[in-house]
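These notes are about the structure you will find just below.
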Amino acid sequence: MEQALSRPETPAWISRSAALVDAFWRPFAGFLDELGRLLRFLGEVLRAGRSRHQYWDVVRYQLYQVGWQSVPIAILAGVFVGGIFAIQIYENLFQFGATAMLGGISASITVREVGPLMIALLLGGRIGAFTTAELGTMNVTDQIDAMRCLATDPIKYLVVPRYYALILMSWVLTVIGIVIGVLGASVVSWFICNVNFYLFFSNVASLVDLYSFLSGLVKSMCFGVLVSTVSCYYGFHTHGGAEDVGRNVNKTVVVLGIGILALDYVLAILNDAIYAAFVAAR
Amino acid sequence: MHSIAAPFLDFGRVLGQMLRLYVESLAYLAVTIKEMAMSRKRRLAVYSSWMEQIYWIGNKSVSIVLSTIAFVGMISIVEMSYQMNRVLHSTDFVPGFAALIIFREFASVIPASMMAGKVGAGITAEVGSMQITEQIDAMRLISLNPVKYLVVPRFVACTVSLVLLSSIASLVAFATAMAVTSHKLGISPEMFINTALFFIKPEDIWINLFKAFVFGQIIPIIAAHYGFHTRGGAEGVGLACTKSVVYSGLVIVILDFYITWAATVFL
């Protein structure tokens, strides 16, 4: 105590500049901290998922809730998003007289980028917030602790089925979204842009290859892992009461919105590098 | 027969209720403006409530809207350059195409869908928990109209802040697209701006602002509708939030399609 009192006082300029550095560093440190916790949670889930899975009925229920109930929304969104992109690409290509390429380009964009991104944002809004609210409410009412008391691993029972369901269903929904999006784009380009079906589909086969389809599927799998990790993490780390559930749901929505687009950019760069190195060279 | 027609009847009923809420809030907005013109005390009160909502809705969404739109600008450059390399065998027009699609679509749709996720869910949770704890009924009991005192400030704040945010967002996406282009394709910023200005017309910017204006009105109406129709405890609030986010996203996409179509037909 005496030592602390007798310590020479720090000069004002040092403490002020330290506060300045701290003010700039703190958001970044908080971000890194959160990222590390998310990765540790992902590792925990992977460790729990390594042993033999026994709750297949839970997986089936989650598949119904995540997948089957999102199908109408995916179809409706797919038609209109495909139509929007068809109109915009037509406006661009019309200036070059290259409207024959309309079908090829809009199908390629839908397969590579728009389909996975659309389904990921849809699942993030529909499933992410709901999962955080559900798990968070279970946590603040001590149901997760009760589960631990009954020797049931809550990660194995609650989280791993959601991972299975989200990954599988993001694939299924992405394929549905891509097919419906291309069909919607073809209908829109027929009725609005005067590009008939034959012209629309004439260039699809030459511009869409297996590689872009597979890269779209890998992308949607990464988005499925991201959505389930973020929503389950914030649900599991809800403490306090009902307001904290609301705050964590809000956090989930924000982190998913930024995270999906940031991950998409990183994956697009990686995809370009891999394409340039392995596919285009051959 | 009944089971087949049920979803359509439900859809019509919900749409009617939302339209009614929209007309009601426009009418109460007019009433509020009239009251503001009549008395100074009222003007200050309403002004401070609007400003408070603009802070919670607009300022609190700046970070999410700008960081998402920054990534969207970069993604659109990467994707466009891939497509143009394959089709036109040159990347000279990538800035023009990317700027066009950023200004026409992304600058209004991406901020609107992020606001629907953050602000719309927040409004639904707020109004819905007031509904299940019977605070809305209590407001009616002391003759305070819930639409006038809960929906109208959020309606004004969401519209104003979405228009402002989308105009900032278009510039941010333009800047990040410019940075990625000069790094990836070696097109200098001057060249980028020249090519982009060759493609963008003033109408594109007006349409973008109009879209943001429309989406900013839709988000609080849908959110408040699902908030007012919340039933049954905390799970009911969670379900209402999910519904509000999903349906406002869908309505944004559908209306965006029709506005884009109308723009191509009339301009």
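Identifiers in the structure tokens: chain A, B, ... in order shown; residue index from 1 per chain; ligand index from 1 in order shown.
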
- [ ] With a distance cut-off of 8 Å and only C-alpha atoms, select the neighbouring residues of range 243-254 of chain A, excluding the residue or stretch itself and same-chain residues fewer than 4 positions from it, and output the selection as a list in words.
- [x]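 My list of contacting residues is Gly124, Gly125, Gly128, Ala129, Phe130, Thr132, Ala133, Gly136, Thr137, Val230, Ser231, Tyr234, Gly235, Thr238, His239 and Ile258 of chain A; Ile64, Met114, Gly117, Lys118, Ala121, Gly122 and Ala125 of chain B.
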
TODO: Enumerate, as a PyMOL selection string, the complete set of residues in range 102-233 of chain A that a backbone-based DSSP assignment places in alpha helix (DSSP H).
DONE: chain A and resi 102-109+115-123+129-140+143-149+154+160-191+197-202+204-207+210-233

Give me, as a Markdown table, each residue of chain B that comes within 7 Å of chain A, together with its shortest interatomic pair and the distance in Å at one decimal, counting only C-alpha atoms, with rows ordered by chain and rising residue number.
```
| residue | atom | partner | partner_atom | distance |
| --- | --- | --- | --- | --- |
| B:Ile64 | CA | A:Val254 | CA | 6.3 |
| B:Ser67 | CA | A:Ile258 | CA | 6.5 |
| B:Thr68 | CA | A:Ile258 | CA | 5.2 |
| B:Phe71 | CA | A:Ala262 | CA | 6.0 |
| B:Val72 | CA | A:Leu261 | CA | 6.8 |
| B:Ile75 | CA | A:Tyr265 | CA | 5.4 |
| B:Gln83 | CA | A:Ile105 | CA | 6.8 |
| B:Phe97 | CA | A:Asn92 | CA | 6.6 |
| B:Ile101 | CA | A:Gln88 | CA | 6.9 |
| B:Met114 | CA | A:Gly257 | CA | 6.8 |
| B:Gly117 | CA | A:Val253 | CA | 6.3 |
| B:Lys118 | CA | A:Asn250 | CA | 6.3 |
| B:Gly238 | CA | A:Ala133 | CA | 6.4 |
| B:Thr242 | CA | A:Arg126 | CA | 5.7 |
| B:Val245 | CA | A:Gly125 | CA | 6.2 |
| B:Val246 | CA | A:Arg126 | CA | 6.0 |
| B:Leu250 | CA | A:Ala77 | CA | 6.3 |
| B:Val253 | CA | A:Phe80 | CA | 6.6 |
| B:Ile254 | CA | A:Phe80 | CA | 6.0 |
| B:Phe257 | CA | A:Ile84 | CA | 5.4 |
```

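Picture a line from CA of Tyr211 in chain A to CA of Val109 in chain B; it runs 29.1 Å.
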
TODO: Using only C-alpha atoms, determine which residues lie at most 8 Å from Arg60 in chain A, disregarding the query and same-chain residues fewer than 4 positions distant; provide the list as a list in words.
DONE: Trp56, Tyr64 and Ala165 of chain A

TODO: Go through A:Ala107, A:Met118, A:Ala280, A:Ile178 one by one, measure the shortest atom-to-atom distance of each to Ser202 in chain A using only C-alpha atoms, and give the residue with the smallest value.
DONE: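 Comparing A:Ala107, A:Met118, A:Ala280, A:Ile178 against Ser202 in chain A, the winner is A:Ala107.
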
Open item on the list: Report as a PyMOL selection string all protein, DNA and RNA residues lying within 8 Å of range 31-41 of chain A, evaluated on only C-alpha atoms, omitting residues in the same chain fewer than 4 positions from it.
Closed with: chain A and resi 27+45+229-230+233

Need to verify the contact set: range 176-181 of chain B, 9 Å, only C-alpha atoms, exclusion of same-chain residues closer than 4 positions in sequence. Can you return it as a short mmCIF file (atom, residue, chain, number, x, y, z; two decimals) with all heavy atoms, in the first residue's frame?
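part.cif, written as the output of this step:
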```cif
data_model
loop_
_atom_site.label_atom_id
_atom_site.label_comp_id
_atom_site.auth_asym_id
_atom_site.auth_seq_id
_atom_site.Cartn_x
_atom_site.Cartn_y
_atom_site.Cartn_z
N ILE B 69 -21.52 -2.89 -46.64
CA ILE B 69 -21.52 -2.36 -48.00
C ILE B 69 -20.09 -2.25 -48.51
O ILE B 69 -19.85 -2.39 -49.72
CB ILE B 69 -22.26 -1.01 -48.06
CG1 ILE B 69 -22.65 -0.68 -49.50
CG2 ILE B 69 -21.43 0.10 -47.54
CD1 ILE B 69 -23.78 -1.46 -50.00
N ALA B 70 -19.10 -2.07 -47.61
CA ALA B 70 -17.70 -2.04 -48.05
C ALA B 70 -17.33 -3.39 -48.66
O ALA B 70 -16.73 -3.47 -49.74
CB ALA B 70 -16.79 -1.72 -46.87
N PHE B 71 -17.71 -4.48 -47.98
CA PHE B 71 -17.39 -5.80 -48.54
C PHE B 71 -18.16 -6.05 -49.83
O PHE B 71 -17.63 -6.69 -50.73
CB PHE B 71 -17.69 -6.89 -47.51
CG PHE B 71 -16.65 -6.98 -46.45
CD1 PHE B 71 -16.92 -6.65 -45.15
CD2 PHE B 71 -15.37 -7.39 -46.78
CE1 PHE B 71 -15.95 -6.72 -44.19
CE2 PHE B 71 -14.39 -7.47 -45.82
CZ PHE B 71 -14.69 -7.13 -44.52
N VAL B 72 -19.40 -5.56 -49.90
CA VAL B 72 -20.17 -5.77 -51.13
C VAL B 72 -19.49 -5.09 -52.31
O VAL B 72 -19.41 -5.65 -53.41
CB VAL B 72 -21.61 -5.27 -50.95
CG1 VAL B 72 -22.32 -5.20 -52.27
CG2 VAL B 72 -22.36 -6.18 -50.03
N GLY B 73 -18.96 -3.87 -52.10
CA GLY B 73 -18.25 -3.19 -53.17
C GLY B 73 -17.07 -4.00 -53.66
O GLY B 73 -16.85 -4.16 -54.87
N MET B 74 -16.30 -4.58 -52.72
CA MET B 74 -15.12 -5.35 -53.11
C MET B 74 -15.53 -6.64 -53.83
O MET B 74 -14.94 -7.02 -54.85
CB MET B 74 -14.30 -5.67 -51.87
CG MET B 74 -13.82 -4.44 -51.16
SD MET B 74 -12.52 -4.73 -49.99
CE MET B 74 -13.39 -5.27 -48.57
N ILE B 75 -16.56 -7.32 -53.30
CA ILE B 75 -17.01 -8.57 -53.92
C ILE B 75 -17.48 -8.32 -55.35
O ILE B 75 -17.18 -9.10 -56.26
CB ILE B 75 -18.16 -9.19 -53.10
CG1 ILE B 75 -17.68 -9.67 -51.76
CG2 ILE B 75 -18.77 -10.37 -53.84
CD1 ILE B 75 -18.79 -9.96 -50.80
N SER B 76 -18.21 -7.20 -55.56
CA SER B 76 -18.74 -6.97 -56.90
C SER B 76 -17.60 -6.76 -57.89
O SER B 76 -17.70 -7.20 -59.04
CB SER B 76 -19.71 -5.80 -56.90
OG SER B 76 -19.06 -4.64 -56.52
N ILE B 77 -16.50 -6.14 -57.47
CA ILE B 77 -15.36 -5.98 -58.38
C ILE B 77 -14.75 -7.34 -58.72
O ILE B 77 -14.50 -7.66 -59.89
CB ILE B 77 -14.29 -5.07 -57.76
CG1 ILE B 77 -14.74 -3.63 -57.78
CG2 ILE B 77 -12.98 -5.19 -58.53
CD1 ILE B 77 -14.82 -3.04 -59.14
N VAL B 78 -14.53 -8.17 -57.69
CA VAL B 78 -13.90 -9.48 -57.94
C VAL B 78 -14.77 -10.30 -58.90
O VAL B 78 -14.28 -10.88 -59.88
CB VAL B 78 -13.70 -10.23 -56.60
CG1 VAL B 78 -13.21 -11.63 -56.85
CG2 VAL B 78 -12.72 -9.49 -55.74
N VAL B 94 -14.99 -2.99 -66.28
CA VAL B 94 -15.40 -3.45 -64.95
C VAL B 94 -15.80 -2.30 -64.03
O VAL B 94 -16.83 -2.38 -63.37
CB VAL B 94 -14.28 -4.32 -64.33
CG1 VAL B 94 -14.52 -4.53 -62.86
CG2 VAL B 94 -14.22 -5.64 -65.03
N PRO B 95 -15.03 -1.17 -63.98
CA PRO B 95 -15.46 -0.06 -63.11
C PRO B 95 -16.86 0.43 -63.43
O PRO B 95 -17.67 0.65 -62.53
CB PRO B 95 -14.42 1.03 -63.38
CG PRO B 95 -13.26 0.32 -63.88
CD PRO B 95 -13.74 -0.88 -64.60
N ALA B 98 -19.49 -2.26 -62.41
CA ALA B 98 -19.59 -2.39 -60.95
C ALA B 98 -20.23 -1.16 -60.34
O ALA B 98 -21.10 -1.26 -59.48
CB ALA B 98 -18.21 -2.63 -60.36
N ALA B 99 -19.83 0.04 -60.82
CA ALA B 99 -20.40 1.27 -60.26
C ALA B 99 -21.90 1.32 -60.55
O ALA B 99 -22.70 1.72 -59.70
CB ALA B 99 -19.72 2.49 -60.85
N LEU B 171 -21.36 5.82 -51.56
CA LEU B 171 -20.00 6.38 -51.68
C LEU B 171 -18.96 5.43 -51.11
O LEU B 171 -17.88 5.26 -51.68
CB LEU B 171 -19.93 7.73 -50.97
CG LEU B 171 -20.77 8.81 -51.63
CD1 LEU B 171 -20.62 10.10 -50.89
CD2 LEU B 171 -20.35 8.98 -53.07
N VAL B 172 -19.29 4.77 -49.97
CA VAL B 172 -18.33 3.86 -49.36
C VAL B 172 -18.07 2.66 -50.28
O VAL B 172 -16.92 2.26 -50.50
CB VAL B 172 -18.83 3.39 -47.98
CG1 VAL B 172 -17.99 2.25 -47.46
CG2 VAL B 172 -18.79 4.53 -47.02
N LEU B 185 -6.69 -4.95 -60.55
CA LEU B 185 -6.67 -4.86 -62.01
C LEU B 185 -5.69 -3.81 -62.51
O LEU B 185 -5.49 -3.68 -63.71
CB LEU B 185 -8.07 -4.52 -62.54
CG LEU B 185 -9.19 -5.46 -62.12
CD1 LEU B 185 -10.50 -4.95 -62.65
CD2 LEU B 185 -8.93 -6.85 -62.65
N GLY B 186 -5.10 -3.01 -61.59
CA GLY B 186 -4.17 -2.00 -62.01
C GLY B 186 -4.81 -0.83 -62.74
O GLY B 186 -4.17 -0.16 -63.54
N ILE B 187 -6.11 -0.59 -62.47
CA ILE B 187 -6.78 0.57 -63.05
C ILE B 187 -6.69 1.69 -62.04
O ILE B 187 -7.12 1.55 -60.91
CB ILE B 187 -8.25 0.24 -63.39
CG1 ILE B 187 -8.31 -0.83 -64.46
CG2 ILE B 187 -8.99 1.47 -63.82
CD1 ILE B 187 -9.71 -1.29 -64.77
N SER B 188 -6.13 2.84 -62.46
CA SER B 188 -5.90 3.91 -61.49
C SER B 188 -7.22 4.54 -61.08
O SER B 188 -8.21 4.47 -61.81
CB SER B 188 -5.00 4.98 -62.11
OG SER B 188 -5.71 5.64 -63.12
N PRO B 189 -7.27 5.18 -59.87
CA PRO B 189 -8.51 5.80 -59.40
C PRO B 189 -9.10 6.82 -60.37
O PRO B 189 -10.33 6.87 -60.53
CB PRO B 189 -8.09 6.44 -58.09
CG PRO B 189 -6.98 5.61 -57.60
CD PRO B 189 -6.25 5.13 -58.82
N PHE B 192 -10.77 4.93 -62.98
CA PHE B 192 -11.99 4.32 -62.41
C PHE B 192 -13.12 5.34 -62.40
O PHE B 192 -14.23 5.06 -62.88
CB PHE B 192 -11.69 3.85 -60.99
CG PHE B 192 -12.82 3.13 -60.33
CD1 PHE B 192 -12.91 1.75 -60.38
CD2 PHE B 192 -13.81 3.82 -59.65
CE1 PHE B 192 -13.95 1.08 -59.79
CE2 PHE B 192 -14.85 3.15 -59.05
CZ PHE B 192 -14.92 1.79 -59.13
N ILE B 193 -12.83 6.55 -61.88
CA ILE B 193 -13.89 7.55 -61.78
C ILE B 193 -14.37 7.96 -63.16
O ILE B 193 -15.59 8.10 -63.39
CB ILE B 193 -13.38 8.77 -60.97
CG1 ILE B 193 -13.17 8.35 -59.53
CG2 ILE B 193 -14.37 9.91 -61.03
CD1 ILE B 193 -12.56 9.40 -58.67
#
```

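Note that the spacing between CA of Ala263 in chain B and CA of Val187 in chain A amounts to 18.4 Å.
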